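**Student:** Got a structure for you, written out below as structure tokens; questions coming shortly.
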Amino acid sequence: MSIRVARLPLAAMIIYSMVSNQLLANDVILSDVKQLRWDNRIILALADRQSEAEVMSQLYHAKSEIDERDLLWFVINAEQLMSNYEGKISKDFARDIHEKYLTNAVISVLIGKDGSVKDRQTVFSLNSMFLLIDSMPMRQTEMMRDKD
């Protein structure tokens, strides 16, 4: 009985440490897509009032396909940034990605897990992004691993 009591504080300390580390990780503010490297593929999209509903509809209806491909998406319109990213996002993030990636008639950008731009489109086509992603060697490996 005394052994269990002696181990309880150590177990409580370990659990507290794990929980507090997770809370600290969630407090990191996303300020650059480079922070997501090797964990996620990224879709950046620019939407005006006419295209916003279509873009958001495509993204919401493809939630399971997006999750399967480890995709995070960020859609910028004139007033706000919309995303499936669950953490905190810097107030300058939208402006920075707009200036860096969404220029010269580019409406959408696909960034791979390695952090490099894989595709730039003048229209938003989620299906073409899925096809491109699924043809990539890293994704092929993921699909094979998921079959097992």
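Just so we're on the same page: first chain in the structure tokens is A, next is B, and so on; residues restart at 1 for each chain, and ligands are numbered from 1 in the order they show up.
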Write out as a ChimeraX atom specification the residues lying within 12 Å of Met82 (chain A), counting only C-alpha atoms and excluding same-chain residues fewer than 3 positions away.

**Tutor:** /A:43-47,52-53,55-56,59-60,72-79,85-86,89,93-94

**Student:** Out of region 34-100 of chain A, which residues get helix (DSSP H, G or I) from DSSP, as a ChimeraX atom specification?

**Tutor:** /A:34-36,49-61,63-68,93-100

**Student:** Here is a test: counting only C-alpha atoms, which residue of A:Gln140, A:Thr122, A:Asn127, A:Gln50 is nearest to Ala62 (chain A)?

**Tutor:**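 With only C-alpha atoms as the atom set, the closest residue is A:Asn127.
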
**Student:** With DSSP run on the backbone, what are the strand (DSSP E or B) residues within chain A? I'd like them as a VMD selection string.

**Tutor:** chain A and resid 29 to 30 41 to 46 71 to 76 81 to 83 88 to 89 108 to 111 117 to 121

**Student:** Which one is closest to Asp32 (chain A): A:Asp134, A:Asp92, A:Asp114, A:Asp146? Count only C-alpha atoms.

**Tutor:**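 Using only C-alpha atoms, the shortest distance to Asp32 (chain A) belongs to A:Asp92.
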
**Student:** Can you measure CA of Val123 (chain A) to CA of Val106 (chain A) for me? One decimal in Å is fine.

**Tutor:**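 For CA of Val123 (chain A) relative to CA of Val106 (chain A), the distance reads 7.6 Å.
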
**Student:** Identify, on the basis of only C-alpha atoms, every residue whose closest approach to Leu30 (chain A) does not exceed 7 Å; exclude the query and any residue fewer than 4 positions from it along the same chain; express the result as a compact mmCIF listing (two decimals) with C-alpha atoms, in the first residue's frame.

**Tutor:**
```
# COMPACT_ATOMS: atom_id res chain seq x y z
CA GLN A 35 6.32 26.06 -38.80
CA LYS A 88 -3.57 30.41 -32.71
CA ILE A 89 -2.65 32.34 -35.84
CA SER A 90 -0.64 35.56 -35.95
```

**Student:** Grab the CA of Ile29 (chain A) to CA of Gly112 (chain A) distance for me, in Å with one decimal place.

**Tutor:**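 About the pair CA of Ile29 (chain A) and CA of Gly112 (chain A): they are 20.7 Å apart.
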
**Student:** Excluding same-chain residues fewer than 3 positions from Leu126 (chain A), what lies within 8 Å of it counting only C-alpha atoms, as a ChimeraX atom specification?

**Tutor:** /A:58-59,129-130
